Amino acid sequence: MYYNSFMIDRYSREEIKKIWNLEEKFNYYLKVELAVCEAYTELGHIPQDSLKIIKEKASFSLARIDEIEQEVRHDVIAFLTNVNESVGKENAKYIHMGLTSSDVIDTAFAMQIIDSSKIILNDLNELLETIRNLALKYKDTPCIGRSHGIHAEVTTFGTKLLNWYDALIRAKWSFLTSIVEISVGQISGPVGTYSNVSPQIEEITCKLLGLNPARISTQIISRDRHAKFMSQLALIASLVDEYATEIRHLSRTEVREVEEGFAKGQKGSSAMPHKKNPVLCENLCGLSRIVRSNMMTAYENINLWHERDISHSSAERIIFPDSLILVDFMLHRFNNVLENLVVHTDNMLKNTKLHGGVIYSQKVMLKLVEKGLTREKAYRMVQKHALSALENGDFYQNLLNDSDIMKNLSKRELDSCFDTKEYLKNIDNIFAKF
């Protein structure tokens with residue numbers, strides 16, 4: 001199938017723009033028309049000599065198409081008229097035989113999407129490799145875990161990254177599934193009934209193009225396929241948004257656990273020389289909103305009148321190239337952010353010790369319960385000192401100074417509650433799952 005080559009084809013990043021330019025769009029149209037001619041020849045409806053001439057001479061000119069379209073007001077007709085001029089009258093009659101415009105447009109559209117998806121998959125693989133390497137590098141680097149934005153308990157920076165890796169793997173496989181579903185073509189005529197073209201032509205044509213024939217079509221391929229594909233692009237963009245937001249939070253002055261790479265001579269602010277802003281990540285968060293907005297348009301495109309209208313067409317000419325180019329850019333940019341990420345491991349460790357290690361409160365509570373106190377009483381005793389430490393104090397010292405607590409715990413037992421290694425004893429088990 002067309003999608004079987006995803007993992008081996010490698011495109012330059014400039015190629016994704018080329019796929020969606022006007023000349024390349026008509027090149028895809030021509031590929032479809034030539035494949036249909038080959039199918040007709042295989043079934044004995046076009047002479048071999050005519051097919052040879054068509055394949056050798058069929059061509060078009062954007063200027064000539066534009067000139068013809070000024071008169072006919074129909075881009076596919078203008079394209080076909082120009083192609084017919086290049087092959088001669090005797091052979092022109094075989095081109096577009098029994099087809100309607102959408103047979104060519106939707107089949108070519110699928111090919112454009114698939115070729116763009118190869119680039120996205122390549123980007124995903126590069127980003128996954130970068131995240132994987134960083135996760136392994138910082139597997140045992142302690143940092144604070146946060147819930148509701150508030151310090152919770154200690155984790156490792158590598159574990160945080162491994163969560164990103166896991167979600168992105170799922171997004172990749174969901175994206176692959178959506179590509180499979182959109183890898184279909186149609187050569188079925190004006191309302192999908194094969195009134196003037198044989199289903200065999202569709203089958204042979206799609207095989208030549210590396211597509212599956214749509215099991216059924218109207219005059220177009222159902223847009224639920226396209227909406228699902230676009231939703232997967234939006235998911236990928238949203239994951240980048242999530243990770244970029246995390247980097248932005250961790251870059252705040254009072255946190256400063258990570259920073260975007262800052263080039264020599266770079267300036268962060270026109271007014272304040274001290275500024276090093278997470279501008280790349282902010283840019284990514286903004287772009288993700290565009291991709292999600294385009295997803296909504298793709299869902300609106302599902303609802304068309306009867307067998308078809310063209311209300312989807314104008315929108316798709318914007319949302320698909322824009323979203324695919326944006327996601328390609330976002331993945332490439334975020335990979336660059338991670339490759340140049342500055343990680344302040346000393347600040348990560350320092351933040352776990354704020355307020356006298358208040359994040360170790362649960363261990364202290366559980367140790368008191370283990371010693372025979374009820375959970376409710378242990379919670380109250382520990383919470384009092386934790387909240388006091390958050391205001392202005394030292395949690396560890398508060399506990400040491402509390403005779404009610406220290407009559408239940410030895411200093412050694414209390415110290416064991418503040419042992420970071422105890423919190424991270426299962427990190428290797430988590431990584432082993434990958």
# chains A, B, ... in the order shown; residues from 1 in each chain; ligands from 1
$ residues_around --residues "range 217-229 of chain A" --least-positions-apart "4" --cutoff "9 Å" --atoms "only C-alpha atoms" --output "VMD selection string"
chain A and resid 100 to 103 105 to 107 175 177 to 179 181 to 182 184 to 186 188 to 193 233 to 234 295 to 304 306 to 308 312
$ write_last_selection --atoms "N, CA and C atoms" --output "CSV table (one decimal), in the first residue's frame"
chain,number,residue,atom,x,y,z
A,100,THR,N,-15.4,12.4,-13.3
A,100,THR,CA,-15.8,13.7,-12.9
A,100,THR,C,-14.7,14.4,-12.2
A,101,SER,N,-14.7,15.7,-12.0
A,101,SER,CA,-13.6,16.4,-11.5
A,101,SER,C,-13.1,15.9,-10.2
A,102,SER,N,-14.1,15.5,-9.3
A,102,SER,CA,-13.7,15.1,-8.0
A,102,SER,C,-13.0,13.8,-7.9
A,103,ASP,N,-13.1,13.0,-9.0
A,103,ASP,CA,-12.4,11.7,-9.1
A,103,ASP,C,-10.9,12.1,-9.1
A,105,ILE,N,-9.6,15.3,-8.3
A,105,ILE,CA,-9.2,16.1,-7.1
A,105,ILE,C,-9.0,15.4,-5.8
A,106,ASP,N,-10.0,14.5,-5.5
A,106,ASP,CA,-9.9,13.8,-4.2
A,106,ASP,C,-8.8,12.7,-4.2
A,107,THR,N,-8.6,12.1,-5.3
A,107,THR,CA,-7.5,11.1,-5.4
A,107,THR,C,-6.2,11.7,-5.3
A,175,PHE,N,-1.8,8.8,14.5
A,175,PHE,CA,-1.6,9.5,13.3
A,175,PHE,C,-1.4,8.5,12.1
A,177,THR,N,-2.7,5.5,12.0
A,177,THR,CA,-4.1,5.0,11.7
A,177,THR,C,-4.9,5.9,10.8
A,178,SER,N,-4.8,7.2,11.1
A,178,SER,CA,-5.5,8.2,10.3
A,178,SER,C,-5.0,8.3,8.9
A,179,ILE,N,-3.7,8.1,8.7
A,179,ILE,CA,-3.2,8.1,7.4
A,179,ILE,C,-3.7,6.9,6.6
A,181,GLU,N,-6.5,5.5,6.9
A,181,GLU,CA,-7.9,5.7,6.6
A,181,GLU,C,-8.1,6.8,5.5
A,182,ILE,N,-7.1,7.6,5.3
A,182,ILE,CA,-7.2,8.6,4.3
A,182,ILE,C,-6.5,8.2,3.0
A,184,VAL,N,-7.1,6.6,0.4
A,184,VAL,CA,-8.0,6.0,-0.5
A,184,VAL,C,-8.2,7.0,-1.7
A,185,GLY,N,-8.5,6.4,-2.8
A,185,GLY,CA,-8.9,7.1,-4.0
A,185,GLY,C,-10.2,6.7,-4.5
A,186,GLN,N,-10.7,7.5,-5.5
A,186,GLN,CA,-12.0,7.1,-6.1
A,186,GLN,C,-12.0,7.5,-7.6
A,188,SER,N,-15.2,7.0,-9.7
A,188,SER,CA,-16.5,6.4,-9.6
A,188,SER,C,-17.6,7.2,-10.3
A,189,GLY,N,-17.2,8.3,-11.0
A,189,GLY,CA,-18.1,9.1,-11.8
A,189,GLY,C,-18.9,10.1,-11.0
A,190,PRO,N,-19.9,10.7,-11.6
A,190,PRO,CA,-20.6,11.9,-11.1
A,190,PRO,C,-21.3,11.8,-9.7
A,191,VAL,N,-21.9,10.6,-9.4
A,191,VAL,CA,-22.5,10.5,-8.1
A,191,VAL,C,-22.0,9.1,-7.5
A,192,GLY,N,-20.9,8.6,-7.9
A,192,GLY,CA,-20.3,7.5,-7.3
A,192,GLY,C,-20.9,6.1,-7.7
A,193,THR,N,-21.6,6.1,-8.9
A,193,THR,CA,-22.3,4.9,-9.3
A,193,THR,C,-21.6,4.2,-10.4
A,233,LEU,N,-3.5,15.7,13.6
A,233,LEU,CA,-2.6,16.8,13.5
A,233,LEU,C,-2.8,17.7,14.7
A,234,ALA,N,-4.0,18.0,15.1
A,234,ALA,CA,-4.3,18.8,16.2
A,234,ALA,C,-3.8,18.2,17.5
A,295,MET,N,-8.8,22.2,12.7
A,295,MET,CA,-9.5,20.9,13.0
A,295,MET,C,-11.0,21.2,13.0
A,296,MET,N,-11.4,22.2,13.6
A,296,MET,CA,-12.9,22.5,13.7
A,296,MET,C,-13.5,22.7,12.3
A,297,THR,N,-12.7,23.4,11.5
A,297,THR,CA,-13.2,23.6,10.1
A,297,THR,C,-13.3,22.3,9.4
A,298,ALA,N,-12.4,21.3,9.6
A,298,ALA,CA,-12.4,20.0,9.0
A,298,ALA,C,-13.7,19.3,9.4
A,299,TYR,N,-14.1,19.5,10.7
A,299,TYR,CA,-15.3,18.8,11.2
A,299,TYR,C,-16.6,19.5,10.5
A,300,GLU,N,-16.5,20.8,10.3
A,300,GLU,CA,-17.6,21.5,9.6
A,300,GLU,C,-17.7,21.0,8.2
A,301,ASN,N,-16.6,20.6,7.6
A,301,ASN,CA,-16.7,20.1,6.2
A,301,ASN,C,-17.3,18.8,6.0
A,302,ILE,N,-17.6,18.0,7.1
A,302,ILE,CA,-18.3,16.7,6.9
A,302,ILE,C,-19.7,16.9,6.4
A,303,ASN,N,-20.4,18.0,6.8
A,303,ASN,CA,-21.8,18.2,6.4
A,303,ASN,C,-21.9,18.9,5.1
A,304,LEU,N,-22.1,18.2,4.0
A,304,LEU,CA,-22.2,18.7,2.7
A,304,LEU,C,-23.6,18.4,2.2
A,306,HIS,N,-26.4,16.7,0.0
A,306,HIS,CA,-26.7,15.6,-0.8
A,306,HIS,C,-25.4,14.8,-1.1
A,307,GLU,N,-25.1,14.5,-2.4
A,307,GLU,CA,-23.9,13.8,-2.8
A,307,GLU,C,-22.7,14.6,-2.8
A,308,ARG,N,-22.8,16.0,-2.9
A,308,ARG,CA,-21.7,16.8,-2.7
A,308,ARG,C,-22.1,18.3,-2.9
A,312,HIS,N,-16.7,22.6,1.1
A,312,HIS,CA,-15.5,22.1,1.8
A,312,HIS,C,-14.2,22.5,1.1
$ residues_around --residues "range 284-289 of chain A" --least-positions-apart "6" --cutoff "12 Å" --atoms "only C-alpha atoms" --output "PDB file with C-alpha atoms, in the first residue's frame"
ATOM      1  CA  LEU A 233      -2.594  16.774  13.516  1.00  0.00           C
ATOM      2  CA  ALA A 234      -4.318  18.849  16.196  1.00  0.00           C
ATOM      3  CA  LEU A 235      -3.408  16.232  18.819  1.00  0.00           C
ATOM      4  CA  ILE A 236       0.257  16.344  17.844  1.00  0.00           C
ATOM      5  CA  ALA A 237       0.198  20.148  17.947  1.00  0.00           C
ATOM      6  CA  SER A 238      -1.517  20.052  21.348  1.00  0.00           C
ATOM      7  CA  LEU A 239       1.160  17.768  22.793  1.00  0.00           C
ATOM      8  CA  VAL A 240       3.860  20.148  21.603  1.00  0.00           C
ATOM      9  CA  ASP A 241       1.784  22.922  23.196  1.00  0.00           C
ATOM     10  CA  GLU A 242       1.719  21.019  26.497  1.00  0.00           C
ATOM     11  CA  TYR A 243       5.466  20.380  26.527  1.00  0.00           C
ATOM     12  CA  ALA A 244       6.296  23.948  25.474  1.00  0.00           C
ATOM     13  CA  THR A 245       4.064  25.253  28.266  1.00  0.00           C
ATOM     14  CA  GLU A 246       5.940  23.110  30.789  1.00  0.00           C
ATOM     15  CA  ILE A 247       9.246  24.539  29.614  1.00  0.00           C
ATOM     16  CA  ARG A 248       7.824  28.053  29.903  1.00  0.00           C
ATOM     17  CA  PRO A 278      11.095  31.408  26.304  1.00  0.00           C
ATOM     18  CA  MET A 295      -9.509  20.929  12.979  1.00  0.00           C
ATOM     19  CA  MET A 296     -12.870  22.515  13.725  1.00  0.00           C
ATOM     20  CA  ASP A 322      -1.357  25.331   6.492  1.00  0.00           C
ATOM     21  CA  SER A 323      -1.770  22.651   9.165  1.00  0.00           C
ATOM     22  CA  LEU A 324       0.696  20.205   7.639  1.00  0.00           C
ATOM     23  CA  ILE A 325       3.321  22.895   7.108  1.00  0.00           C
ATOM     24  CA  LEU A 326       2.714  24.238  10.627  1.00  0.00           C
ATOM     25  CA  VAL A 327       3.003  20.837  12.315  1.00  0.00           C
ATOM     26  CA  ASP A 328       6.181  20.120  10.358  1.00  0.00           C
ATOM     27  CA  PHE A 329       7.557  23.471  11.524  1.00  0.00           C
ATOM     28  CA  MET A 330       6.419  22.940  15.119  1.00  0.00           C
ATOM     29  CA  LEU A 331       7.995  19.509  15.425  1.00  0.00           C
ATOM     30  CA  HIS A 332      11.237  20.728  13.910  1.00  0.00           C
ATOM     31  CA  ARG A 333      11.327  23.828  16.118  1.00  0.00           C
ATOM     32  CA  PHE A 334      10.507  21.925  19.316  1.00  0.00           C
ATOM     33  CA  ASN A 335      13.181  19.350  18.522  1.00  0.00           C
ATOM     34  CA  ASN A 336      15.624  22.247  18.202  1.00  0.00           C
ATOM     35  CA  VAL A 337      14.451  23.656  21.553  1.00  0.00           C
TER      36      VAL A 337
END
$ residues_around --residues "Leu136 in chain A" --least-positions-apart "2" --cutoff "9 Å" --atoms "only C-alpha atoms" --output "ChimeraX atom specification"
/A:131-134,138-140,158-159,161-162,431
$ write_last_selection --atoms "N, CA and C atoms" --output "PDB file, in the first residue's frame"
ATOM      1  N   ILE A 131      13.780  13.196  22.691  1.00  0.00           N
ATOM      2  CA  ILE A 131      13.170  13.088  24.031  1.00  0.00           C
ATOM      3  C   ILE A 131      13.673  11.842  24.747  1.00  0.00           C
ATOM      4  N   ARG A 132      13.778  10.750  24.012  1.00  0.00           N
ATOM      5  CA  ARG A 132      14.263   9.494  24.616  1.00  0.00           C
ATOM      6  C   ARG A 132      15.672   9.686  25.186  1.00  0.00           C
ATOM      7  N   ASN A 133      16.542  10.290  24.410  1.00  0.00           N
ATOM      8  CA  ASN A 133      17.926  10.491  24.860  1.00  0.00           C
ATOM      9  C   ASN A 133      17.983  11.399  26.083  1.00  0.00           C
ATOM     10  N   LEU A 134      17.167  12.450  26.092  1.00  0.00           N
ATOM     11  CA  LEU A 134      17.135  13.343  27.257  1.00  0.00           C
ATOM     12  C   LEU A 134      16.569  12.641  28.488  1.00  0.00           C
ATOM     13  N   TYR A 138      18.653  12.234  32.014  1.00  0.00           N
ATOM     14  CA  TYR A 138      18.206  12.819  33.284  1.00  0.00           C
ATOM     15  C   TYR A 138      17.311  11.871  34.081  1.00  0.00           C
ATOM     16  N   LYS A 139      17.478  10.606  33.830  1.00  0.00           N
ATOM     17  CA  LYS A 139      16.647   9.590  34.495  1.00  0.00           C
ATOM     18  C   LYS A 139      16.723   9.706  36.015  1.00  0.00           C
ATOM     19  N   ASP A 140      17.876   9.980  36.541  1.00  0.00           N
ATOM     20  CA  ASP A 140      18.071  10.003  37.989  1.00  0.00           C
ATOM     21  C   ASP A 140      18.284  11.410  38.535  1.00  0.00           C
ATOM     22  N   GLY A 158      14.031  13.130  34.150  1.00  0.00           N
ATOM     23  CA  GLY A 158      13.925  12.086  33.132  1.00  0.00           C
ATOM     24  C   GLY A 158      12.554  11.442  33.095  1.00  0.00           C
ATOM     25  N   THR A 159      11.938  11.265  34.255  1.00  0.00           N
ATOM     26  CA  THR A 159      10.590  10.694  34.315  1.00  0.00           C
ATOM     27  C   THR A 159       9.572  11.637  33.692  1.00  0.00           C
ATOM     28  N   LEU A 161      10.196  13.687  31.277  1.00  0.00           N
ATOM     29  CA  LEU A 161      10.403  13.567  29.831  1.00  0.00           C
ATOM     30  C   LEU A 161       9.855  12.243  29.290  1.00  0.00           C
ATOM     31  N   LEU A 162       9.939  11.201  30.101  1.00  0.00           N
ATOM     32  CA  LEU A 162       9.443   9.903  29.662  1.00  0.00           C
ATOM     33  C   LEU A 162       7.929   9.927  29.474  1.00  0.00           C
ATOM     34  N   PHE A 431      11.219   3.030  33.858  1.00  0.00           N
ATOM     35  CA  PHE A 431      11.977   3.080  32.596  1.00  0.00           C
ATOM     36  C   PHE A 431      12.053   1.708  31.931  1.00  0.00           C
TER      37      PHE A 431
END
$ atom_distance --atom1 "CA of Val76 in chain A" --atom2 "CA of Ile19 in chain A"
17.9 Å
$ select_by_dssp --residues "range 192-327 of chain A" --states "helix (DSSP H, G or I)" --output "PyMOL selection string"
chain A and resi 199-209+224-250+279-300+311-327
$ closest_atom_pairs --of "range 46-134 of chain A" --to "range 164-173 of chain A" --cutoff "10 Å" --atoms "only C-alpha atoms" --output "tab-separated table"
residue	atom	partner	partner_atom	distance
A:Ile120	CA	A:Lys172	CA	9.5
A:Leu121	CA	A:Lys172	CA	7.4
A:Leu124	CA	A:Lys172	CA	7.1
A:Asn125	CA	A:Lys172	CA	8.6
A:Leu127	CA	A:Tyr165	CA	8.9
A:Leu128	CA	A:Tyr165	CA	6.2
A:Glu129	CA	A:Tyr165	CA	8.8
A:Thr130	CA	A:Tyr165	CA	9.4
A:Ile131	CA	A:Tyr165	CA	6.2
A:Arg132	CA	A:Tyr165	CA	6.6
$ write_last_selection --atoms "all heavy atoms" --output "mmCIF file, in the first residue's frame"
data_model
loop_
_atom_site.group_PDB
_atom_site.id
_atom_site.type_symbol
_atom_site.label_atom_id
_atom_site.label_comp_id
_atom_site.auth_asym_id
_atom_site.auth_seq_id
_atom_site.Cartn_x
_atom_site.Cartn_y
_atom_site.Cartn_z
ATOM 1 N N ILE A 120 5.978 14.486 8.231
ATOM 2 C CA ILE A 120 5.562 14.606 9.637
ATOM 3 C C ILE A 120 6.054 13.407 10.443
ATOM 4 O O ILE A 120 6.552 13.561 11.569
ATOM 5 C CB ILE A 120 4.025 14.717 9.750
ATOM 6 C CG1 ILE A 120 3.492 15.924 8.958
ATOM 7 C CG2 ILE A 120 3.599 14.788 11.210
ATOM 8 C CD1 ILE A 120 3.969 17.260 9.434
ATOM 9 N N LEU A 121 5.933 12.228 9.877
ATOM 10 C CA LEU A 121 6.399 11.021 10.578
ATOM 11 C C LEU A 121 7.900 11.057 10.806
ATOM 12 O O LEU A 121 8.394 10.647 11.865
ATOM 13 C CB LEU A 121 6.008 9.770 9.795
ATOM 14 C CG LEU A 121 4.546 9.357 9.936
ATOM 15 C CD1 LEU A 121 4.194 8.295 8.895
ATOM 16 C CD2 LEU A 121 4.262 8.830 11.324
ATOM 17 N N LEU A 124 8.408 13.345 13.672
ATOM 18 C CA LEU A 124 8.032 12.689 14.924
ATOM 19 C C LEU A 124 9.125 11.746 15.397
ATOM 20 O O LEU A 124 9.463 11.703 16.593
ATOM 21 C CB LEU A 124 6.719 11.923 14.747
ATOM 22 C CG LEU A 124 5.433 12.746 14.802
ATOM 23 C CD1 LEU A 124 4.254 11.899 14.346
ATOM 24 C CD2 LEU A 124 5.183 13.271 16.212
ATOM 25 N N ASN A 125 9.680 10.982 14.470
ATOM 26 C CA ASN A 125 10.737 10.040 14.844
ATOM 27 C C ASN A 125 11.962 10.768 15.386
ATOM 28 O O ASN A 125 12.580 10.330 16.361
ATOM 29 C CB ASN A 125 11.127 9.183 13.639
ATOM 30 C CG ASN A 125 10.060 8.153 13.306
ATOM 31 O OD1 ASN A 125 9.289 7.750 14.164
ATOM 32 N ND2 ASN A 125 10.003 7.724 12.061
ATOM 33 N N LEU A 127 11.992 13.750 16.843
ATOM 34 C CA LEU A 127 11.648 14.309 18.152
ATOM 35 C C LEU A 127 11.601 13.224 19.222
ATOM 36 O O LEU A 127 12.087 13.423 20.346
ATOM 37 C CB LEU A 127 10.307 15.035 18.077
ATOM 38 C CG LEU A 127 9.810 15.685 19.374
ATOM 39 C CD1 LEU A 127 10.835 16.656 19.942
ATOM 40 C CD2 LEU A 127 8.478 16.396 19.149
ATOM 41 N N LEU A 128 11.037 12.081 18.893
ATOM 42 C CA LEU A 128 10.990 10.971 19.843
ATOM 43 C C LEU A 128 12.392 10.543 20.259
ATOM 44 O O LEU A 128 12.650 10.265 21.434
ATOM 45 C CB LEU A 128 10.228 9.784 19.232
ATOM 46 C CG LEU A 128 8.706 9.899 19.258
ATOM 47 C CD1 LEU A 128 8.072 8.891 18.301
ATOM 48 C CD2 LEU A 128 8.171 9.691 20.664
ATOM 49 N N GLU A 129 13.294 10.502 19.312
ATOM 50 C CA GLU A 129 14.672 10.111 19.626
ATOM 51 C C GLU A 129 15.330 11.136 20.551
ATOM 52 O O GLU A 129 16.034 10.775 21.504
ATOM 53 C CB GLU A 129 15.472 9.967 18.335
ATOM 54 C CG GLU A 129 16.900 9.491 18.525
ATOM 55 C CD GLU A 129 17.014 8.068 19.046
ATOM 56 O OE1 GLU A 129 15.998 7.333 19.032
ATOM 57 O OE2 GLU A 129 18.119 7.688 19.499
ATOM 58 N N THR A 130 15.077 12.412 20.298
ATOM 59 C CA THR A 130 15.643 13.462 21.147
ATOM 60 C C THR A 130 15.097 13.368 22.572
ATOM 61 O O THR A 130 15.856 13.440 23.550
ATOM 62 C CB THR A 130 15.322 14.850 20.560
ATOM 63 O OG1 THR A 130 15.925 14.961 19.267
ATOM 64 C CG2 THR A 130 15.853 15.958 21.455
ATOM 65 N N ILE A 131 13.780 13.196 22.691
ATOM 66 C CA ILE A 131 13.170 13.088 24.031
ATOM 67 C C ILE A 131 13.673 11.842 24.747
ATOM 68 O O ILE A 131 13.988 11.888 25.947
ATOM 69 C CB ILE A 131 11.638 13.063 23.919
ATOM 70 C CG1 ILE A 131 11.121 14.401 23.370
ATOM 71 C CG2 ILE A 131 11.003 12.786 25.289
ATOM 72 C CD1 ILE A 131 9.631 14.419 23.112
ATOM 73 N N ARG A 132 13.778 10.750 24.012
ATOM 74 C CA ARG A 132 14.263 9.494 24.616
ATOM 75 C C ARG A 132 15.672 9.686 25.186
ATOM 76 O O ARG A 132 15.954 9.277 26.324
ATOM 77 C CB ARG A 132 14.257 8.393 23.565
ATOM 78 C CG ARG A 132 14.839 7.067 24.031
ATOM 79 C CD ARG A 132 14.897 6.064 22.867
ATOM 80 N NE ARG A 132 15.512 4.816 23.286
ATOM 81 C CZ ARG A 132 16.824 4.609 23.319
ATOM 82 N NH1 ARG A 132 17.656 5.577 22.970
ATOM 83 N NH2 ARG A 132 17.310 3.446 23.708
#
$ residues_around --residues "Leu366 in chain A" --least-positions-apart "2" --cutoff "12 Å" --atoms "only C-alpha atoms" --output "list in words"
Tyr360, Ser361, Gln362, Lys363, Val364, Leu368, Val369, Glu370, Lys371, Gly372, Leu373, Thr374, Arg375, Glu376, Lys377, Ala378, Tyr379, Met381, Val382, Leu409, Glu413, Leu414, Ser416 and Cys417 of chain A
$ closest_residue --among "A:Thr205, A:Arg73, A:Val291, A:Asn283" --to "Thr41 in chain A" --atoms "only C-alpha atoms"
A:Thr205
$ residues_around --residues "Asn398 in chain A" --least-positions-apart "5" --cutoff "8 Å" --atoms "only C-alpha atoms" --output "list in words"
His385, Ala389 and Gly393 of chain A
$ residues_around --residues "range 210-213 of chain A" --least-positions-apart "2" --cutoff "9 Å" --atoms "only C-alpha atoms" --output "list in words"
Met1, Tyr2, Tyr3, Thr107, Ala110, Met111, Ser183, Val184, Gly185, Gln186, Ile187, Glu202, Glu203, Thr205, Cys206, Lys207, Leu208, Arg215 and Ile216 of chain A
